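Reading through the C-alpha cells given below for one structure.
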Amino acid sequence: MPIKVLTKNIGVPDLQCLHVYESLGGYQALAKTLREHSPAEVTEIVKKSGLRGRGGAGFPTGMKWGFVPKNTGKPVYLCVNADESEPGTFKDRLIIEKDPHQLIEGIIISAYALNCHQAFIYIRGEFVYGSDVLNEAVNEAYAKGLLGRNILGSGFDLDLMVHRGAGAYICGEETALLESIEGKRGHPRLKPPFPAVVGLYEAPTVINNVETLANVPHIIQNGAEWFASIGTERNAGTRLFGVSGHVKKRGVYELPMGTPLRDLIFDCCEGLREGRKLKAIVPGGSSVPVLTADQIDVRLDFDSIAAAGSMLGSAGVIVMDDTTCMVAAARRIAKFYAEESCGQCTQCREGTEWIYRILTRMENGSGRTGDMELLLDLCANMKGRTICPLSDAAAMPIESYIQRFPAEFAAHIQEQRCVVA
Ligand SMILES: Cc1cc2nc3c(=O)[nH]c(=O)nc-3n(C[C@H](O)[C@H](O)[C@H](O)COP(=O)(O)O)c2cc1C
C-alpha cells in the first residue's frame with residue numbers, strides 16, 4: 001500500500017522555506033506538543049509508537065530517551081546524526097536538502113521531551129549544500145520564534161547549532177561524533193558509560209539519526225497508534241530506501257516497513273538493466289552481509305532481514321546484476337574500511353588493511369591457496385573485539401561475499417582469473 005509520511009511534501013516548490021512548510025501544516029505538531037503535552041508524555045507517545053532508530057541498529061527511540069537520568073544538575077544534549085557516510089546510503093540528505101524544517105521540528109519536539117536546551121546537527125563535511133540549507137532554515141526558525149528563548153510563548157528554550165564534520169566515516173559512530181563536536185579527533189569511546197549517561201562534555205546526551213527525528217512530528221500529530229499501524233508489529237512506520245546499482249530507476253523510495261524486497265526492486269525501481277539477471281543485494285549499506293538473488297522475497301524490516309542473515313542497517317540498498325565480480329566488489333568495500341579505520345584498535349587497523357591486500361592480490365590473479373580460509377579467519381577475529389563496530393562493519397560483508405559466492409573466490413585463486421562474463 002503506497003503511503004508517504006516523510007516524503008509527502010518532497011517536490012513542492014520552495015519547501016525549504018519556512019512559510020511554505022508552515023502552509024502545509026508544518027510546526028503544528030510543535031505547537032500541539034507545547035500546548036498539550038508534558039515532556040514525559042511526549043517520550044511516552046514515542047515509546048508507544050514503536051519508532052526504532054533509523055541510523056543502523058534499530059534501537060527503540062523512546063526507550064533510548066528514557067535512559068537519560070533526571071535532575072543530575074548537568075545539561076542534557078541532543079545530537080542529530082547527519083553524517084550519512086555509509087556507502088550506498090543517501091536518504092538523510094533528501095530530508096536535509098529538500099525538507100529541512102521537518103527535521104528541525106522533530107528536533108525541537110524531541111529536545112522538549114528530553115528537557116534539552118542545546119541541540120547539535122552533526123553533518124558530514126562533504127554535505128556543503130545540505131549544511132547551507134540547514135543553516136538557512138535554522139536562521140528562519142530563530143527569526144520566527146521557533147528556536148531560541150520562550151519558543152511560541154511556552155517558556156521552553158532551545159538553541160540549535162549546525163556543526164560540520166571534516167569528512168570521516170568514523171564520525172558517524174555516535175561516540176566519535178561526540179569527540180568531534182568537542183573539537184577532538186573522531187576516536188570512538190569505550191562503552192559503558194553510554195552517552196545517555198556520560199555523553200557530550202560529560203553530560204547526558206541522546207544521539208539520533210535524521211530520519212528517526214523527522215518521524216517525531218508525524219507521530220505527535222497523528223498519534224502513536226497511527227504510526228504503529230504502519231509497517232509490521234515490531235517494525236512500525238515507513239522507511240526511506242536509497243537504491244543504487246544495477247536497477248533502471250535508482251533513487252530514494254519511502255515504503256512501509258515489511259514491504260517485500262521484490263516490490264522495491266521490480267516495482268519502484270522498474271527492475272534490472274535490460275537483459276541482465278539479479279545476482280546479489282546489499283540491503284542496508286555496505287557494512288551488512290550481502291543477500292543472494294533467491295532471497296528476493298524477504299521483507300524489508302529489521303527482524304525479517306536479520307532472519308535472512310543480514311541487517312536493514314541504513315536501508316541503503318545496493319543492487320548487483322550478473323555482470324558483477326564479487327571479488328572486485330568485496331575489494332572495493334574493503335578499501336573503504338581500510339581507509340576509514342580510525343586506527344585505535346589493532347584488529348581493525350591491521351585487519352582492514354590486510355583484507356584489502358589479500359583481495360587485491362586475488363583480483364590481480366595472484367591469489368594463494370588458503371586465502372579464502374585466511375580471510376574468513378581474519379574476519380572472525382575482527383568481530384566483537386574492538387571499541388566500536390567499524391571492525392565488524394568491515395568484516396561482515398567480506399565474510400558473507402566469500403560464504404555466499406565461494407566458487408567465484410575459488411576461481412580467482414585456482415584459475416587466476418575472473419569467471420564473470
Ligand atoms: C562506523 C559507524 C558509522 C556510523 N555512521 C552513522 C551515520 O552516518 N548516521 C547515523 O545516523 N548513524 C550512524 N551510525 C550509528 C550511530 O552510532 C548511532 O547508533 C545512531 O546515530 C543512533 O541513532 P538512531 O537511534 O536514531 O538510529 C554509525 C555507526 C558506526 C559504528
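So you can find residues: chains in the C-alpha cells are A, B, ... in the order shown, residues in each start at 1, and ligands are numbered from 1 in order.
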
Item checked: Selection near Leu30 of chain A, 12 Å with only C-alpha atoms, sequence-local residues under 6 positions removed, as a VMD selection string -> chain A and resid 22 36 to 37 42 101 to 113 145 to 147 151 to 152 154 156 216 to 221

Counting only C-alpha atoms and all ligand atoms, what are the residues of chain A within 6 Å of ligand 1, and for each of them which pair of atoms is the nearest and at what distance in Å, to one decimal? Sort the table by chain and rising number, as a tab-separated table.
residue	atom	partner	partner_atom_place_in_ligand_line	distance
A:Gly53	CA	ligand 1	27 (O)	3.2
A:Arg54	CA	ligand 1	27 (O)	4.2
A:Gly55	CA	ligand 1	27 (O)	3.3
A:Gly56	CA	ligand 1	27 (O)	5.3
A:Ala57	CA	ligand 1	27 (O)	5.9
A:Gly58	CA	ligand 1	27 (O)	5.6
A:Phe59	CA	ligand 1	25 (O)	5.3
A:Thr61	CA	ligand 1	25 (O)	5.9
A:Asn81	CA	ligand 1	11 (O)	4.6
A:Ala82	CA	ligand 1	9 (N)	5.7
A:Asp83	CA	ligand 1	8 (O)	4.0
A:Glu84	CA	ligand 1	8 (O)	3.4
A:Ser85	CA	ligand 1	8 (O)	4.8
A:Glu86	CA	ligand 1	8 (O)	5.9
A:Tyr169	CA	ligand 1	3 (C)	5.9
A:Ile170	CA	ligand 1	1 (C)	4.7
A:Gly172	CA	ligand 1	5 (N)	3.3
A:Glu173	CA	ligand 1	17 (O)	3.6
A:Glu174	CA	ligand 1	17 (O)	3.9
A:Ile207	CA	ligand 1	22 (C)	5.4
A:Asn208	CA	ligand 1	26 (O)	3.5
A:Asn209	CA	ligand 1	26 (O)	3.8
A:Thr212	CA	ligand 1	26 (O)	4.9
A:Cys388	CA	ligand 1	31 (C)	5.8
A:Pro389	CA	ligand 1	31 (C)	4.5
A:Leu390	CA	ligand 1	1 (C)	4.3

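Using only C-alpha atoms, the protein and nucleic acid residues lying no more than 10 Å from Gly271 of chain A, apart from those fewer than 2 places from it along its own chain, are His246, Val247, Lys248, Lys249, Arg250, Arg262, Asp263, Leu264, Ile265, Phe266, Asp267, Cys268, Cys269, Arg273, Glu274, Arg276, Lys277, Leu278 and Val319 of chain A.
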
Could the residues in this selection be written to a file with N, CA and C atoms, as a PDB file, in the first residue's frame?
ATOM      1  N   HIS A 246      22.503  -1.626 -10.140  1.00  0.00           N
ATOM      2  CA  HIS A 246      22.101  -2.017 -11.480  1.00  0.00           C
ATOM      3  C   HIS A 246      20.592  -2.074 -11.716  1.00  0.00           C
ATOM      4  N   VAL A 247      19.861  -1.111 -11.188  1.00  0.00           N
ATOM      5  CA  VAL A 247      18.414  -1.058 -11.470  1.00  0.00           C
ATOM      6  C   VAL A 247      18.139   0.058 -12.469  1.00  0.00           C
ATOM      7  N   LYS A 248      16.960   0.008 -13.051  1.00  0.00           N
ATOM      8  CA  LYS A 248      16.631   1.033 -14.053  1.00  0.00           C
ATOM      9  C   LYS A 248      16.437   2.405 -13.409  1.00  0.00           C
ATOM     10  N   LYS A 249      15.715   2.427 -12.262  1.00  0.00           N
ATOM     11  CA  LYS A 249      15.401   3.736 -11.655  1.00  0.00           C
ATOM     12  C   LYS A 249      15.951   3.811 -10.236  1.00  0.00           C
ATOM     13  N   ARG A 250      17.137   4.348 -10.116  1.00  0.00           N
ATOM     14  CA  ARG A 250      17.732   4.488  -8.775  1.00  0.00           C
ATOM     15  C   ARG A 250      17.073   5.668  -8.066  1.00  0.00           C
ATOM     16  N   ARG A 262      11.291  -7.560  -3.330  1.00  0.00           N
ATOM     17  CA  ARG A 262      10.909  -7.670  -4.754  1.00  0.00           C
ATOM     18  C   ARG A 262      10.151  -6.432  -5.226  1.00  0.00           C
ATOM     19  N   ASP A 263       9.219  -5.943  -4.389  1.00  0.00           N
ATOM     20  CA  ASP A 263       8.420  -4.774  -4.781  1.00  0.00           C
ATOM     21  C   ASP A 263       9.314  -3.547  -4.954  1.00  0.00           C
ATOM     22  N   LEU A 264      10.287  -3.405  -4.048  1.00  0.00           N
ATOM     23  CA  LEU A 264      11.185  -2.249  -4.147  1.00  0.00           C
ATOM     24  C   LEU A 264      11.965  -2.304  -5.465  1.00  0.00           C
ATOM     25  N   ILE A 265      12.517  -3.458  -5.770  1.00  0.00           N
ATOM     26  CA  ILE A 265      13.397  -3.553  -6.940  1.00  0.00           C
ATOM     27  C   ILE A 265      12.618  -3.598  -8.252  1.00  0.00           C
ATOM     28  N   PHE A 266      11.529  -4.384  -8.264  1.00  0.00           N
ATOM     29  CA  PHE A 266      10.853  -4.567  -9.548  1.00  0.00           C
ATOM     30  C   PHE A 266       9.695  -3.592  -9.788  1.00  0.00           C
ATOM     31  N   ASP A 267       9.096  -3.050  -8.732  1.00  0.00           N
ATOM     32  CA  ASP A 267       8.029  -2.069  -8.958  1.00  0.00           C
ATOM     33  C   ASP A 267       8.594  -0.647  -8.909  1.00  0.00           C
ATOM     34  N   CYS A 268       9.152  -0.273  -7.757  1.00  0.00           N
ATOM     35  CA  CYS A 268       9.646   1.106  -7.616  1.00  0.00           C
ATOM     36  C   CYS A 268      10.786   1.387  -8.594  1.00  0.00           C
ATOM     37  N   CYS A 269      11.748   0.475  -8.648  1.00  0.00           N
ATOM     38  CA  CYS A 269      12.952   0.740  -9.455  1.00  0.00           C
ATOM     39  C   CYS A 269      12.839   0.191 -10.875  1.00  0.00           C
ATOM     40  N   ARG A 273      18.724  -3.680 -15.257  1.00  0.00           N
ATOM     41  CA  ARG A 273      19.076  -3.200 -16.591  1.00  0.00           C
ATOM     42  C   ARG A 273      18.671  -4.248 -17.627  1.00  0.00           C
ATOM     43  N   GLU A 274      18.387  -3.789 -18.839  1.00  0.00           N
ATOM     44  CA  GLU A 274      17.872  -4.670 -19.903  1.00  0.00           C
ATOM     45  C   GLU A 274      18.722  -5.919 -20.082  1.00  0.00           C
ATOM     46  N   ARG A 276      19.610  -8.265 -18.082  1.00  0.00           N
ATOM     47  CA  ARG A 276      20.501  -8.724 -17.010  1.00  0.00           C
ATOM     48  C   ARG A 276      19.715  -9.459 -15.940  1.00  0.00           C
ATOM     49  N   LYS A 277      20.423 -10.295 -15.187  1.00  0.00           N
ATOM     50  CA  LYS A 277      19.792 -11.074 -14.111  1.00  0.00           C
ATOM     51  C   LYS A 277      20.285 -10.594 -12.752  1.00  0.00           C
ATOM     52  N   LEU A 278      19.405 -10.682 -11.766  1.00  0.00           N
ATOM     53  CA  LEU A 278      19.785 -10.275 -10.406  1.00  0.00           C
ATOM     54  C   LEU A 278      20.806 -11.264  -9.832  1.00  0.00           C
ATOM     55  N   VAL A 319      22.070  -2.853  -5.516  1.00  0.00           N
ATOM     56  CA  VAL A 319      21.642  -3.992  -6.338  1.00  0.00           C
ATOM     57  C   VAL A 319      22.746  -4.342  -7.336  1.00  0.00           C
TER      58      VAL A 319
END

Note to self: For the helix (DSSP H, G or I) assignment from backbone DSSP, which residues of segment 101-295 of chain A qualify? Please present them as number ranges by chain.
What the structure shows: A: 101-114, 128-143, 151-153, 169-172, 174-181, 200-202, 210-214, 216-222, 224-228, 261-268, 293-295

With C-alpha atoms kept, could you save the residues just selected as a PDB file, in the first residue's frame?
ATOM      1  CA  HIS A 101      12.057  22.157   8.664  1.00  0.00           C
ATOM      2  CA  GLN A 102      10.557  18.686   9.027  1.00  0.00           C
ATOM      3  CA  LEU A 103      13.826  17.701  10.709  1.00  0.00           C
ATOM      4  CA  ILE A 104      14.071  20.893  12.758  1.00  0.00           C
ATOM      5  CA  GLU A 105      10.509  20.466  14.013  1.00  0.00           C
ATOM      6  CA  GLY A 106      11.374  16.896  15.018  1.00  0.00           C
ATOM      7  CA  ILE A 107      14.463  18.127  16.835  1.00  0.00           C
ATOM      8  CA  ILE A 108      12.573  20.778  18.815  1.00  0.00           C
ATOM      9  CA  ILE A 109       9.862  18.329  19.917  1.00  0.00           C
ATOM     10  CA  SER A 110      12.458  15.705  20.840  1.00  0.00           C
ATOM     11  CA  ALA A 111      14.569  18.240  22.745  1.00  0.00           C
ATOM     12  CA  TYR A 112      11.448  19.286  24.666  1.00  0.00           C
ATOM     13  CA  ALA A 113      10.835  15.629  25.605  1.00  0.00           C
ATOM     14  CA  LEU A 114      14.418  15.364  26.860  1.00  0.00           C
ATOM     15  CA  VAL A 128      28.198  21.618   1.870  1.00  0.00           C
ATOM     16  CA  TYR A 129      24.862  22.323   0.201  1.00  0.00           C
ATOM     17  CA  GLY A 130      22.956  20.445   2.904  1.00  0.00           C
ATOM     18  CA  SER A 131      24.593  22.412   5.689  1.00  0.00           C
ATOM     19  CA  ASP A 132      23.814  25.681   3.876  1.00  0.00           C
ATOM     20  CA  VAL A 133      20.155  24.663   3.573  1.00  0.00           C
ATOM     21  CA  LEU A 134      20.048  23.691   7.247  1.00  0.00           C
ATOM     22  CA  ASN A 135      21.703  26.913   8.412  1.00  0.00           C
ATOM     23  CA  GLU A 136      19.238  28.957   6.378  1.00  0.00           C
ATOM     24  CA  ALA A 137      16.315  27.006   7.864  1.00  0.00           C
ATOM     25  CA  VAL A 138      17.681  27.318  11.413  1.00  0.00           C
ATOM     26  CA  ASN A 139      18.036  31.087  10.956  1.00  0.00           C
ATOM     27  CA  GLU A 140      14.464  31.345   9.708  1.00  0.00           C
ATOM     28  CA  ALA A 141      13.238  29.291  12.674  1.00  0.00           C
ATOM     29  CA  TYR A 142      15.050  31.607  15.119  1.00  0.00           C
ATOM     30  CA  ALA A 143      13.568  34.684  13.414  1.00  0.00           C
ATOM     31  CA  ILE A 151       9.532  29.123  21.980  1.00  0.00           C
ATOM     32  CA  LEU A 152       5.990  30.038  20.853  1.00  0.00           C
ATOM     33  CA  GLY A 153       5.450  31.640  24.272  1.00  0.00           C
ATOM     34  CA  TYR A 169      33.101   7.874   8.188  1.00  0.00           C
ATOM     35  CA  ILE A 170      34.054   7.063  11.770  1.00  0.00           C
ATOM     36  CA  CYS A 171      32.450  10.305  12.963  1.00  0.00           C
ATOM     37  CA  GLY A 172      29.054   8.737  12.232  1.00  0.00           C
ATOM     38  CA  GLU A 174      27.971   8.105  17.998  1.00  0.00           C
ATOM     39  CA  THR A 175      30.853   8.484  20.451  1.00  0.00           C
ATOM     40  CA  ALA A 176      33.336   9.524  17.729  1.00  0.00           C
ATOM     41  CA  LEU A 177      30.722  12.109  16.744  1.00  0.00           C
ATOM     42  CA  LEU A 178      30.746  13.459  20.310  1.00  0.00           C
ATOM     43  CA  GLU A 179      34.555  13.646  20.330  1.00  0.00           C
ATOM     44  CA  SER A 180      34.431  15.502  17.019  1.00  0.00           C
ATOM     45  CA  ILE A 181      31.917  18.071  18.306  1.00  0.00           C
ATOM     46  CA  LEU A 200      28.860  15.340  25.183  1.00  0.00           C
ATOM     47  CA  TYR A 201      31.028  17.358  27.599  1.00  0.00           C
ATOM     48  CA  GLU A 202      30.417  14.501  30.064  1.00  0.00           C
ATOM     49  CA  VAL A 210      17.967  12.427  10.922  1.00  0.00           C
ATOM     50  CA  GLU A 211      15.214  10.107   9.639  1.00  0.00           C
ATOM     51  CA  THR A 212      14.417   8.978  13.188  1.00  0.00           C
ATOM     52  CA  LEU A 213      13.742  12.523  14.379  1.00  0.00           C
ATOM     53  CA  ALA A 214      11.906  13.551  11.200  1.00  0.00           C
ATOM     54  CA  VAL A 216       8.533  12.601  15.508  1.00  0.00           C
ATOM     55  CA  PRO A 217       6.242  15.477  14.353  1.00  0.00           C
ATOM     56  CA  HIS A 218       4.082  12.973  12.433  1.00  0.00           C
ATOM     57  CA  ILE A 219       3.799  10.745  15.487  1.00  0.00           C
ATOM     58  CA  ILE A 220       2.681  13.678  17.626  1.00  0.00           C
ATOM     59  CA  GLN A 221       0.271  14.995  15.023  1.00  0.00           C
ATOM     60  CA  ASN A 222      -1.351  11.654  14.101  1.00  0.00           C
ATOM     61  CA  ALA A 224       1.194   6.665  18.394  1.00  0.00           C
ATOM     62  CA  GLU A 225      -1.477   4.179  17.245  1.00  0.00           C
ATOM     63  CA  TRP A 226      -1.479   5.596  13.713  1.00  0.00           C
ATOM     64  CA  PHE A 227       2.293   5.206  13.466  1.00  0.00           C
ATOM     65  CA  ALA A 228       2.228   1.721  14.962  1.00  0.00           C
ATOM     66  CA  LEU A 261      12.350  -6.509  -1.430  1.00  0.00           C
ATOM     67  CA  ARG A 262      10.909  -7.670  -4.754  1.00  0.00           C
ATOM     68  CA  ASP A 263       8.420  -4.774  -4.781  1.00  0.00           C
ATOM     69  CA  LEU A 264      11.185  -2.249  -4.147  1.00  0.00           C
ATOM     70  CA  ILE A 265      13.397  -3.553  -6.940  1.00  0.00           C
ATOM     71  CA  PHE A 266      10.853  -4.567  -9.548  1.00  0.00           C
ATOM     72  CA  ASP A 267       8.029  -2.069  -8.958  1.00  0.00           C
ATOM     73  CA  CYS A 268       9.646   1.106  -7.616  1.00  0.00           C
ATOM     74  CA  ALA A 293      19.027 -13.373  -5.708  1.00  0.00           C
ATOM     75  CA  ASP A 294      16.914 -16.210  -4.287  1.00  0.00           C
ATOM     76  CA  GLN A 295      16.213 -14.063  -1.202  1.00  0.00           C
TER      77      GLN A 295
END

Check: Which one of A:Asp14, A:Ile318, A:Arg331, A:Val290 sits closest to Ala306 of chain A if you count only C-alpha atoms?
Finding: A:Val290

Next item on the list: Determine, counting only C-alpha atoms, which protein, DNA and RNA residues have an atom within 10 Å of an atom of Tyr21 of chain A; residues of the same chain fewer than 3 positions away are not included. Present the result as an MDAnalysis selection string.
Entry: chainID A and resid 9 12 14:18 24:27 99:102

Margin query: As an exercise, work out the distance from atom CA of Val76 of chain A to atom CA of Glu41 of chain A in Å and give it to one decimal place.
Written below: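 Distance between the two atoms: 17.7 Å.
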
Please provide as a PDB file with N, CA and C atoms, in the first residue's frame all residues within 10 Å of Ala395 of chain A, with the sequence filter that same-chain residues fewer than 2 positions apart are discarded (counting only C-alpha atoms).
ATOM      1  N   SER A 287      28.098  -2.121   4.932  1.00  0.00           N
ATOM      2  CA  SER A 287      28.652  -2.888   6.047  1.00  0.00           C
ATOM      3  C   SER A 287      27.860  -4.138   6.396  1.00  0.00           C
ATOM      4  N   VAL A 288      26.728  -4.383   5.723  1.00  0.00           N
ATOM      5  CA  VAL A 288      25.908  -5.537   6.130  1.00  0.00           C
ATOM      6  C   VAL A 288      26.152  -6.728   5.197  1.00  0.00           C
ATOM      7  N   PRO A 289      25.879  -7.954   5.670  1.00  0.00           N
ATOM      8  CA  PRO A 289      26.052  -9.124   4.820  1.00  0.00           C
ATOM      9  C   PRO A 289      25.171  -9.052   3.570  1.00  0.00           C
ATOM     10  N   ALA A 334      36.375  -3.301   0.910  1.00  0.00           N
ATOM     11  CA  ALA A 334      37.496  -3.433   1.854  1.00  0.00           C
ATOM     12  C   ALA A 334      38.387  -2.191   1.827  1.00  0.00           C
ATOM     13  N   TYR A 337      36.880   0.559   4.063  1.00  0.00           N
ATOM     14  CA  TYR A 337      37.043   0.376   5.516  1.00  0.00           C
ATOM     15  C   TYR A 337      38.506   0.497   5.940  1.00  0.00           C
ATOM     16  N   CYS A 348      41.219  -3.860  13.981  1.00  0.00           N
ATOM     17  CA  CYS A 348      40.591  -3.082  12.921  1.00  0.00           C
ATOM     18  C   CYS A 348      41.662  -2.423  12.038  1.00  0.00           C
ATOM     19  N   GLY A 351      43.616  -5.415  10.486  1.00  0.00           N
ATOM     20  CA  GLY A 351      42.734  -6.361   9.788  1.00  0.00           C
ATOM     21  C   GLY A 351      42.154  -5.775   8.506  1.00  0.00           C
ATOM     22  N   THR A 352      41.694  -4.526   8.562  1.00  0.00           N
ATOM     23  CA  THR A 352      41.063  -3.939   7.370  1.00  0.00           C
ATOM     24  C   THR A 352      42.095  -3.844   6.223  1.00  0.00           C
ATOM     25  N   ILE A 355      42.936  -7.436   4.871  1.00  0.00           N
ATOM     26  CA  ILE A 355      41.853  -7.930   3.994  1.00  0.00           C
ATOM     27  C   ILE A 355      41.975  -7.289   2.614  1.00  0.00           C
ATOM     28  N   LEU A 375      41.099 -15.226   4.933  1.00  0.00           N
ATOM     29  CA  LEU A 375      40.164 -14.092   5.028  1.00  0.00           C
ATOM     30  C   LEU A 375      39.077 -14.364   6.064  1.00  0.00           C
ATOM     31  N   LEU A 376      38.533 -15.571   6.023  1.00  0.00           N
ATOM     32  CA  LEU A 376      37.457 -15.912   6.971  1.00  0.00           C
ATOM     33  C   LEU A 376      37.970 -15.889   8.407  1.00  0.00           C
ATOM     34  N   LEU A 378      40.524 -14.081   9.502  1.00  0.00           N
ATOM     35  CA  LEU A 378      40.729 -12.667   9.829  1.00  0.00           C
ATOM     36  C   LEU A 378      39.412 -12.005  10.240  1.00  0.00           C
ATOM     37  N   CYS A 379      38.375 -12.244   9.418  1.00  0.00           N
ATOM     38  CA  CYS A 379      37.058 -11.634   9.694  1.00  0.00           C
ATOM     39  C   CYS A 379      36.557 -12.073  11.076  1.00  0.00           C
ATOM     40  N   ALA A 380      36.691 -13.358  11.359  1.00  0.00           N
ATOM     41  CA  ALA A 380      36.195 -13.875  12.650  1.00  0.00           C
ATOM     42  C   ALA A 380      36.895 -13.171  13.810  1.00  0.00           C
ATOM     43  N   ASN A 381      38.167 -12.861  13.626  1.00  0.00           N
ATOM     44  CA  ASN A 381      38.921 -12.225  14.706  1.00  0.00           C
ATOM     45  C   ASN A 381      38.730 -10.710  14.779  1.00  0.00           C
ATOM     46  N   MET A 382      37.999 -10.173  13.816  1.00  0.00           N
ATOM     47  CA  MET A 382      37.761  -8.719  13.827  1.00  0.00           C
ATOM     48  C   MET A 382      36.413  -8.347  14.414  1.00  0.00           C
ATOM     49  N   LYS A 383      35.592  -9.378  14.688  1.00  0.00           N
ATOM     50  CA  LYS A 383      34.220  -9.079  15.120  1.00  0.00           C
ATOM     51  C   LYS A 383      34.080  -9.132  16.639  1.00  0.00           C
ATOM     52  N   PRO A 389      32.006  -0.713  16.434  1.00  0.00           N
ATOM     53  CA  PRO A 389      31.728  -1.771  15.439  1.00  0.00           C
ATOM     54  C   PRO A 389      32.232  -1.499  14.024  1.00  0.00           C
ATOM     55  N   LEU A 390      33.137  -0.536  13.802  1.00  0.00           N
ATOM     56  CA  LEU A 390      33.651  -0.363  12.426  1.00  0.00           C
ATOM     57  C   LEU A 390      34.363  -1.645  11.976  1.00  0.00           C
ATOM     58  N   SER A 391      35.047  -2.276  12.911  1.00  0.00           N
ATOM     59  CA  SER A 391      35.754  -3.514  12.587  1.00  0.00           C
ATOM     60  C   SER A 391      34.766  -4.598  12.138  1.00  0.00           C
ATOM     61  N   ASP A 392      33.666  -4.716  12.849  1.00  0.00           N
ATOM     62  CA  ASP A 392      32.602  -5.663  12.454  1.00  0.00           C
ATOM     63  C   ASP A 392      32.036  -5.277  11.090  1.00  0.00           C
ATOM     64  N   ALA A 393      31.864  -3.962  10.907  1.00  0.00           N
ATOM     65  CA  ALA A 393      31.292  -3.455   9.658  1.00  0.00           C
ATOM     66  C   ALA A 393      32.193  -3.791   8.474  1.00  0.00           C
ATOM     67  N   PRO A 397      30.619  -7.900   5.715  1.00  0.00           N
ATOM     68  CA  PRO A 397      30.335  -8.078   4.284  1.00  0.00           C
ATOM     69  C   PRO A 397      31.338  -9.026   3.609  1.00  0.00           C
ATOM     70  N   ILE A 398      32.600  -8.915   3.927  1.00  0.00           N
ATOM     71  CA  ILE A 398      33.617  -9.743   3.264  1.00  0.00           C
ATOM     72  C   ILE A 398      33.342 -11.226   3.532  1.00  0.00           C
ATOM     73  N   GLU A 399      33.086 -11.516   4.801  1.00  0.00           N
ATOM     74  CA  GLU A 399      32.747 -12.886   5.195  1.00  0.00           C
ATOM     75  C   GLU A 399      31.564 -13.396   4.357  1.00  0.00           C
ATOM     76  N   SER A 400      30.535 -12.559   4.217  1.00  0.00           N
ATOM     77  CA  SER A 400      29.323 -13.002   3.515  1.00  0.00           C
ATOM     78  C   SER A 400      29.573 -13.160   2.015  1.00  0.00           C
TER      79      SER A 400
END

Could you give me, as a tab-separated table, every segment 163-245 of chain A residue with an atom at most 6 Å from segment 311-317 of chain A, plus its closest atom pair and distance in Å to one decimal, counting only C-alpha atoms, rows ordered by chain then number?
residue	atom	partner	partner_atom	distance
A:Phe241	CA	A:Ala315	CA	5.1
A:Gly242	CA	A:Gly316	CA	4.8
A:Val243	CA	A:Val317	CA	4.7

Preceding selection exported with N, CA, C and O atoms as a short mmCIF file (atom, residue, chain, number, x, y, z; two decimals), in the first residue's frame:
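result-v1.cif was written with the following content:
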data_model
loop_
_atom_site.label_atom_id
_atom_site.label_comp_id
_atom_site.auth_asym_id
_atom_site.auth_seq_id
_atom_site.Cartn_x
_atom_site.Cartn_y
_atom_site.Cartn_z
N PHE A 241 14.27 4.06 1.59
CA PHE A 241 15.26 3.16 0.98
C PHE A 241 15.99 3.91 -0.13
O PHE A 241 15.36 4.40 -1.07
N GLY A 242 17.29 3.99 0.00
CA GLY A 242 18.10 4.61 -1.05
C GLY A 242 18.64 3.49 -1.93
O GLY A 242 19.44 2.69 -1.46
N VAL A 243 18.15 3.41 -3.15
CA VAL A 243 18.55 2.29 -4.01
C VAL A 243 19.56 2.76 -5.06
O VAL A 243 19.32 3.73 -5.79
#

Check: What are the DSSP strand (DSSP E) residues of segment 241-384 of chain A, as a ChimeraX atom specification?
Finding: /A:241-245,251-256,278-282,291-292,316-321

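For the pair atom CA of Val206 of chain A and atom CA of Glu126 of chain A, the separation is 23.8 Å.
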